[in-house]
$ cat upload14.pdb   # PDB, C-alpha atoms, pLDDT in the B column
ATOM      1  CA  MET X 996    -133.945  70.700-259.583  1.00 47.00           C
ATOM      2  CA  ASN X 997    -133.853  68.626-262.741  1.00 54.00           C
ATOM      3  CA  THR X 998    -135.477  69.842-265.922  1.00 53.00           C
ATOM      4  CA  LEU X 999    -136.286  67.998-269.113  1.00 52.00           C
ATOM      5  CA  SER X1000    -133.327  67.392-271.323  1.00 54.00           C
ATOM      6  CA  PRO X1001    -133.522  69.420-274.541  1.00 55.00           C
ATOM      7  CA  ALA X1002    -132.321  66.281-276.327  1.00 53.00           C
ATOM      8  CA  LEU X1003    -135.617  64.514-275.606  1.00 50.00           C
ATOM      9  CA  PRO X1004    -138.091  64.503-278.475  1.00 54.00           C
ATOM     10  CA  CYS X1005    -141.318  66.461-277.938  1.00 54.00           C
ATOM     11  CA  ASP X1006    -143.359  63.251-278.027  1.00 56.00           C
ATOM     12  CA  SER X1007    -141.386  61.743-275.140  1.00 65.00           C
ATOM     13  CA  GLY X1008    -144.396  61.849-272.849  1.00 88.00           C
ATOM     14  CA  ALA X1009    -144.021  65.422-271.628  1.00 89.00           C
ATOM     15  CA  HIS X1010    -147.398  66.383-273.077  1.00 89.00           C
ATOM     16  CA  THR X1011    -149.028  63.392-271.382  1.00 92.00           C
ATOM     17  CA  ILE X1012    -147.434  64.397-268.092  1.00 93.00           C
ATOM     18  CA  LEU X1013    -148.621  67.980-268.579  1.00 94.00           C
ATOM     19  CA  ALA X1014    -152.195  66.793-269.127  1.00 94.00           C
ATOM     20  CA  ALA X1015    -152.029  64.621-265.996  1.00 95.00           C
ATOM     21  CA  LEU X1016    -150.684  67.518-263.933  1.00 96.00           C
ATOM     22  CA  GLU X1017    -153.447  69.803-265.203  1.00 96.00           C
ATOM     23  CA  ALA X1018    -156.075  67.207-264.245  1.00 97.00           C
ATOM     24  CA  GLN X1019    -154.481  66.876-260.804  1.00 97.00           C
ATOM     25  CA  LEU X1020    -154.475  70.658-260.400  1.00 97.00           C
ATOM     26  CA  ALA X1021    -158.204  70.818-261.159  1.00 97.00           C
ATOM     27  CA  ALA X1022    -158.884  68.048-258.640  1.00 97.00           C
ATOM     28  CA  LEU X1023    -156.848  69.790-255.947  1.00 97.00           C
ATOM     29  CA  ASP X1024    -158.659  73.065-256.624  1.00 97.00           C
ATOM     30  CA  ARG X1025    -162.026  71.330-256.266  1.00 97.00           C
ATOM     31  CA  MET X1026    -160.883  69.840-252.949  1.00 97.00           C
ATOM     32  CA  GLY X1027    -159.691  73.198-251.678  1.00 97.00           C
ATOM     33  CA  ALA X1028    -156.102  71.974-251.337  1.00 97.00           C
ATOM     34  CA  HIS X1029    -154.653  75.309-252.336  1.00 96.00           C
ATOM     35  CA  ILE X1030    -151.086  74.821-251.090  1.00 97.00           C
ATOM     36  CA  ALA X1031    -150.758  71.509-252.917  1.00 97.00           C
ATOM     37  CA  ALA X1032    -152.384  73.071-255.981  1.00 97.00           C
ATOM     38  CA  ALA X1033    -149.807  75.867-255.932  1.00 97.00           C
ATOM     39  CA  HIS X1034    -146.991  73.307-256.060  1.00 97.00           C
ATOM     40  CA  VAL X1035    -148.601  71.434-258.944  1.00 98.00           C
ATOM     41  CA  ASP X1036    -149.188  74.728-260.756  1.00 97.00           C
ATOM     42  CA  ALA X1037    -145.500  75.578-260.355  1.00 97.00           C
ATOM     43  CA  ALA X1038    -144.599  72.204-261.871  1.00 96.00           C
ATOM     44  CA  ILE X1039    -146.950  72.847-264.789  1.00 96.00           C
ATOM     45  CA  GLN X1040    -145.442  76.265-265.443  1.00 97.00           C
ATOM     46  CA  GLN X1041    -141.895  74.872-265.331  1.00 94.00           C
ATOM     47  CA  LEU X1042    -142.796  72.060-267.714  1.00 93.00           C
ATOM     48  CA  ARG X1043    -144.400  74.535-270.124  1.00 94.00           C
ATOM     49  CA  ARG X1044    -141.249  76.703-270.022  1.00 94.00           C
ATOM     50  CA  ASP X1045    -139.091  73.650-270.693  1.00 89.00           C
ATOM     51  CA  LEU X1046    -141.279  72.603-273.617  1.00 88.00           C
ATOM     52  CA  SER X1047    -141.271  76.110-275.103  1.00 90.00           C
ATOM     53  CA  LYS X1048    -137.453  76.082-275.219  1.00 88.00           C
ATOM     54  CA  ARG X1049    -137.471  73.199-277.688  1.00 78.00           C
TER      55      ARG X1049
END

$ encode --input "upload14.pdb" --output "structure tokens"
Amino acid sequence: MNTLSPALPCDSGAHTILAALEAQLAALDRMGAHIAAAHVDAAIQQLRRDLSKR
């Protein structure tokens, strides 16, 4: 699995991607697509961990 490069600046779009993933997670939850939502949630958590390491 690839993670964000620590060399990327914080404004490289990661925060925009995080917001889009969170919106997608909410939509999946509303639809009852819990397995898909779990995968998106895992992506969100990984992205947050990557951002916190900067």

$ atom_distance --input "upload14.pdb" --atom1 "CA of Ile1039 in chain X" --atom2 "CA of Glu1017 in chain X"
7.2 Å

$ atom_distance --input "upload14.pdb" --atom1 "CA of Ala1031 in chain X" --atom2 "CA of Leu1016 in chain X"
11.7 Å

$ resolve_selection --input "upload14.pdb" --expression "the PyMOL selection byres ((chain X and resi 1035) around 12)" --output "number ranges by chain"
X: 1012-1024, 1028-1034, 1036-1042
